[in-house]
2 protein chains.
Amino acid sequence: MAYNFEFYAPTKVLFGRGMEEETGRQAKAFGASRVLVVYGGGSARRSGLLEKVESALEAEGIASWELGGVVPNPRLDKVYEGIALGKEHQVDFLLAVGGGSAIDTAKAIAYGLGEPDRDVWELFQHTRKPQNCLPVAAVLTIAAAGSETSKSCVITNEKTGEKRSCGSSLARPRFAVMDPEYTKTLPDYQTGSGCVDIMMHTMERYFTNGGNMEITDALAEGLLRTVMENAVKLHRQPDDYDARAEVMWAGSLAHNDLTGCGNDGGDFMTHKLEHELGGMFDVTHGAGLAAIWPSWARQVQNDCLPRFVRFARKVMGITAAVPDEEVAELGIQAMEDFCRSIGMPVNLEELGVRPTDRQIEEMAESCLAACGSSTGSAKKLTKEDMIRIYTNARAAR
Amino acid sequence: MAYNFEFYAPTKVLFGRGMEEETGRQAKAFGASRVLVVYGGGSARRSGLLEKVESALEAEGIASWELGGVVPNPRLDKVYEGIALGKEHQVDFLLAVGGGSAIDTAKAIAYGLGEPDRDVWELFQHTRKPQNCLPVAAVLTIAAAGSETSKSCVITNEKTGEKRSCGSSLARPRFAVMDPEYTKTLPDYQTGSGCVDIMMHTMERYFTNGGNMEITDALAEGLLRTVMENAVKLHRQPDDYDARAEVMWAGSLAHNDLTGCGNDGGDFMTHKLEHELGGMFDVTHGAGLAAIWPSWARQVQNDCLPRFVRFARKVMGITAAVPDEEVAELGIQAMEDFCRSIGMPVNLEELGVRPTDRQIEEMAESCLAACGSSTGSAKKLTKEDMIRIYTNARAAR
């Protein structure tokens, strides 16, 4: 069935080899004159990308300042630092060079500069809604978060350990430069984590109890199969340009809302459960998702059986003529096999995290507080469900 | 393999029951203050949609004028009439209420008003490129052309019989209101033609010799299977809301460029061959495509065999273990069977058109002139190819 929906993904995508040279022209066309360039570690500089991008800006007469040092699970203190720098230099445009962490940091700074008299963290506590935001764009170097075309933004408050999200189309990047060449040198673990993150963005929209459109399912299933196939290729041959391109484009489509059109809003509990892990243990996001999903899936599958059967049949290719519950379990096992085949964990032990019972209870409480009434579609999770999911995720069954 | 590409589909989609009530608010948000409402026959008025839309504009303090009487294969004289009316009332926004004909007419008027001192037909003769265009939006009542999110615009010069297209992102609608309810009363022939048109927009991008991305193929194949399944449902049960919704959303995705990302630009010769038919005989566009495609396919299949085999296997579900040429032919036959099953013609006789040899030669010459050097990707067609395609399309083999 088809729910009413709004679909608005206005980001202009410039995809392929050498496209970073377009950065200056595009920034100018979208009104930039004073740009804060946000990036992470040294790889953006070592690869020469940062210099290329800044030259492209300069060639169009655009002034720029740098904010480096963004870390995975990007932090609120860096956001505040960027807001102060942006105020000092009166920047009017944010350009992220990197992956989801750099882009989300740029988005949060853009929110902060859009409403300079308010504390930006309030947006992540959901005590108010964003009214204004500076324009943002991205030069992507990691296929994973989908933040280059999504409305999503996730920031960790390092003081409280809270990892929280704020979603609004105000922060959707104006344009995104995507050159797969720059992703060829990513370590295998990062590539695998990215592929899992991409799949999860679509799977969060897929596992619903309210019904999905057929066309949306067909797109989602095609996307998931393509990512799996190319993730395996990249585990063997990390510099395969075409496989990098497939995964990079899939990453944008998985999270620009295309794979959720007409559904009931999606589930998103694997992400929310992982946010607590990420806030407490600073794990790699995609790997954290891989480690939590099987336990989540087994906790909810009986409440959402038709979707788990469909997933097993259409995505995982399960053909066994067995009862639905077994088909669903075979689909979950196939997902675990896939994750292991690309070096991803399927439980917390393999992730390298050993939460105590007390820590699990804390994470469940914090997750429940962050969710409000939105505790899932496949199954609305209780605190007890969450505790069981974390506990069963500890080690292989 | 993955070619470089730009993807820019910024149209804001408002999809579902009652969404037409958003028209005024959206028009205002996109800067409209004086709107020309472009529509076709009486159905937009009889259904009450036109009144709802105009009330929604009025409620936001937006003035509007009407231009009705747009016909299928929309004509240049109506475009000139709209440009004159737009100048008279100093309109700053075009709103189409209808299907592809109304939307394309609105786009052409918007081009004309954007450069008021130039003849708009020059854009369709490709003697100059558009530099400016008024903003356009659409309230869609027919799922077919995809014009509600595409950059495409096709107009017929009724004096010369030329049906020509102009593509530019300047004319992409700012927003599109899509309420499947209004498509429930479409006659069966129009519904079937629309479904074929939707499929063809994706198939034109699918049959290439230069290679396609896997993710794009997967999305295209999922879309094609979904449209076929729901076209058959609608042939039996025209007021099935969910099937209408599937087809309507597929219509936008089939032609907003999503199903062509990373390919070599696509083929598009079935459309160009049909444009000549449409210009000479005023046939229903989708039915014209259905009547031409099998003959085109058999003319080019040996030059593009891997794609025809893939189409047969992945879209048409052909499982026979026979040589590739036979698999390709079985796929083409399956497409013919599908078209017949929804009341669509698969040759010119069934379309009700009997061109003479002289007329076929004229169409081939005109098509070649309109194509310039772009005569296909599956096979670059010669004039002789075109004559053979029209000739073989005359009747069932």
# chains A, B, ... in the order shown; residues from 1 in each chain; ligands from 1
call {"tool": "select_by_dssp", "arguments": {"residues": "region 231-277 of chain B", "states": "alpha helix (DSSP H)", "output": "PyMOL selection string"}}
result
chain B and resi 231-236+241-253+269-277
call {"tool": "residues_around", "arguments": {"residues": "region 365-367 of chain A", "least_positions_apart": "2", "cutoff": "10 Å", "atoms": "only C-alpha atoms", "output": "PyMOL selection string"}}
result
chain A and resi 161-164+269+272-277+359-363+369-372+375+383-384+386-387
call {"tool": "select_by_dssp", "arguments": {"residues": "region 40-95 of chain B", "states": "strand (DSSP E)", "output": "number ranges by chain"}}
result
B: 63-67, 93-95
call {"tool": "interface_residues", "arguments": {"of": "chain A", "to": "chain B", "cutoff": "10 Å", "atoms": "only C-alpha atoms", "output": "PDB file with C-alpha atoms, in the first residue's frame"}}
result
ATOM      1  CA  MET A   1       0.000   0.000   0.000  1.00  0.00           C
ATOM      2  CA  ALA A   2       1.022   3.613  -0.519  1.00  0.00           C
ATOM      3  CA  TYR A   3       1.162   6.205   2.244  1.00  0.00           C
ATOM      4  CA  ASN A   4       1.249   9.880   1.328  1.00  0.00           C
ATOM      5  CA  PHE A   5       4.793  11.176   1.143  1.00  0.00           C
ATOM      6  CA  GLU A   6       6.949  14.162   0.323  1.00  0.00           C
ATOM      7  CA  PHE A   7      10.129  13.516  -1.627  1.00  0.00           C
ATOM      8  CA  TYR A   8      12.615  16.342  -1.916  1.00  0.00           C
ATOM      9  CA  ALA A   9      16.220  15.484  -2.786  1.00  0.00           C
ATOM     10  CA  PRO A  10      17.454  18.624  -4.513  1.00  0.00           C
ATOM     11  CA  THR A  11      21.195  17.982  -4.137  1.00  0.00           C
ATOM     12  CA  LYS A  12      23.017  18.380  -7.446  1.00  0.00           C
ATOM     13  CA  VAL A  13      25.285  15.354  -7.821  1.00  0.00           C
ATOM     14  CA  LEU A  14      28.527  15.603  -9.812  1.00  0.00           C
ATOM     15  CA  PHE A  15      29.753  12.051 -10.088  1.00  0.00           C
ATOM     16  CA  GLY A  16      32.948  10.596 -11.517  1.00  0.00           C
ATOM     17  CA  ARG A  17      36.612  11.071 -12.190  1.00  0.00           C
ATOM     18  CA  GLY A  18      37.923  14.616 -11.921  1.00  0.00           C
ATOM     19  CA  MET A  19      34.601  16.075 -10.794  1.00  0.00           C
ATOM     20  CA  ARG A 174      23.299  22.038  -2.313  1.00  0.00           C
ATOM     21  CA  PHE A 175      25.716  19.947  -4.314  1.00  0.00           C
ATOM     22  CA  ALA A 176      27.815  16.839  -3.810  1.00  0.00           C
ATOM     23  CA  VAL A 177      31.036  16.028  -5.669  1.00  0.00           C
ATOM     24  CA  MET A 178      31.574  12.271  -5.779  1.00  0.00           C
ATOM     25  CA  ASP A 179      34.784  10.948  -7.324  1.00  0.00           C
ATOM     26  CA  MET A 213       5.082   0.484  -2.029  1.00  0.00           C
ATOM     27  CA  GLU A 214       6.035  -2.212  -4.531  1.00  0.00           C
ATOM     28  CA  ILE A 215       8.175   0.182  -6.546  1.00  0.00           C
ATOM     29  CA  THR A 216      10.049   1.239  -3.409  1.00  0.00           C
ATOM     30  CA  ASP A 217      10.625  -2.394  -2.441  1.00  0.00           C
ATOM     31  CA  ALA A 218      11.907  -3.186  -5.920  1.00  0.00           C
ATOM     32  CA  LEU A 219      14.389  -0.300  -5.812  1.00  0.00           C
ATOM     33  CA  ALA A 220      15.474  -1.201  -2.274  1.00  0.00           C
ATOM     34  CA  GLU A 221      16.031  -4.864  -3.112  1.00  0.00           C
ATOM     35  CA  GLY A 222      18.001  -4.003  -6.253  1.00  0.00           C
ATOM     36  CA  LEU A 223      20.152  -1.584  -4.276  1.00  0.00           C
ATOM     37  CA  LEU A 224      20.851  -4.106  -1.495  1.00  0.00           C
ATOM     38  CA  ARG A 225      21.857  -6.853  -3.933  1.00  0.00           C
ATOM     39  CA  THR A 226      24.149  -4.444  -5.786  1.00  0.00           C
ATOM     40  CA  VAL A 227      25.897  -3.272  -2.616  1.00  0.00           C
ATOM     41  CA  GLU A 229      27.926  -7.932  -4.735  1.00  0.00           C
ATOM     42  CA  ASN A 230      30.277  -4.974  -4.903  1.00  0.00           C
ATOM     43  CA  TYR A 241      36.956   1.757  -9.716  1.00  0.00           C
ATOM     44  CA  ASP A 242      33.639   0.456 -11.034  1.00  0.00           C
ATOM     45  CA  ALA A 243      32.849  -1.366  -7.777  1.00  0.00           C
ATOM     46  CA  ARG A 244      33.788   1.795  -5.835  1.00  0.00           C
ATOM     47  CA  ALA A 245      31.422   3.762  -8.094  1.00  0.00           C
ATOM     48  CA  GLU A 246      28.539   1.310  -7.550  1.00  0.00           C
ATOM     49  CA  VAL A 247      28.903   1.510  -3.768  1.00  0.00           C
ATOM     50  CA  TRP A 249      26.203   5.995  -5.743  1.00  0.00           C
ATOM     51  CA  ALA A 250      24.263   3.387  -3.775  1.00  0.00           C
ATOM     52  CA  LEU A 253      20.406   6.617  -2.974  1.00  0.00           C
ATOM     53  CA  LEU A 258      14.178   7.189  -2.290  1.00  0.00           C
ATOM     54  CA  CYS A 261       8.865   6.611  -0.416  1.00  0.00           C
ATOM     55  CA  GLY A 262       5.319   5.634   0.511  1.00  0.00           C
TER      56      GLY A 262
END
call {"tool": "residues_around", "arguments": {"residues": "Cys166 (chain A)", "least_positions_apart": "4", "cutoff": "10 Å", "atoms": "only C-alpha atoms", "output": "PDB file with C-alpha atoms, in the first residue's frame"}}
result
ATOM      1  CA  ASP A 104      27.611  16.154   9.614  1.00  0.00           C
ATOM      2  CA  LYS A 107      25.783  20.680   8.741  1.00  0.00           C
ATOM      3  CA  ALA A 108      25.793  21.257  12.508  1.00  0.00           C
ATOM      4  CA  TRP A 121      22.747  21.269  20.693  1.00  0.00           C
ATOM      5  CA  GLU A 122      19.085  22.059  21.419  1.00  0.00           C
ATOM      6  CA  LEU A 123      18.328  20.840  17.868  1.00  0.00           C
ATOM      7  CA  PHE A 124      19.794  17.444  18.743  1.00  0.00           C
ATOM      8  CA  GLN A 125      17.887  17.336  22.022  1.00  0.00           C
ATOM      9  CA  HIS A 126      14.759  18.116  19.971  1.00  0.00           C
ATOM     10  CA  LYS A 129      13.210  22.883  15.488  1.00  0.00           C
ATOM     11  CA  PRO A 130      15.702  24.503  13.101  1.00  0.00           C
ATOM     12  CA  LYS A 151      18.801  15.544   5.566  1.00  0.00           C
ATOM     13  CA  SER A 152      20.415  13.593   8.390  1.00  0.00           C
ATOM     14  CA  CYS A 153      23.047  14.902  10.805  1.00  0.00           C
ATOM     15  CA  VAL A 154      24.435  12.971  13.803  1.00  0.00           C
ATOM     16  CA  ILE A 155      26.644  14.537  16.478  1.00  0.00           C
ATOM     17  CA  ALA A 171      20.768  21.074   5.785  1.00  0.00           C
TER      18      ALA A 171
END
call {"tool": "closest_residue", "arguments": {"among": "B:Pro294, B:Pro323, B:Gly317, B:Pro173", "to": "Leu348 (chain B)", "atoms": "only C-alpha atoms"}}
result
B:Pro294
call {"tool": "atom_distance", "arguments": {"atom1": "CA of Ser165 (chain A)", "atom2": "CA of Ser374 (chain A)"}}
result
13.3 Å
call {"tool": "residues_around", "arguments": {"residues": "Gly288 (chain A)", "least_positions_apart": "4", "cutoff": "7 Å", "atoms": "only C-alpha atoms", "output": "PyMOL selection string"}}
result
chain A and resi 274+283-284+292+351
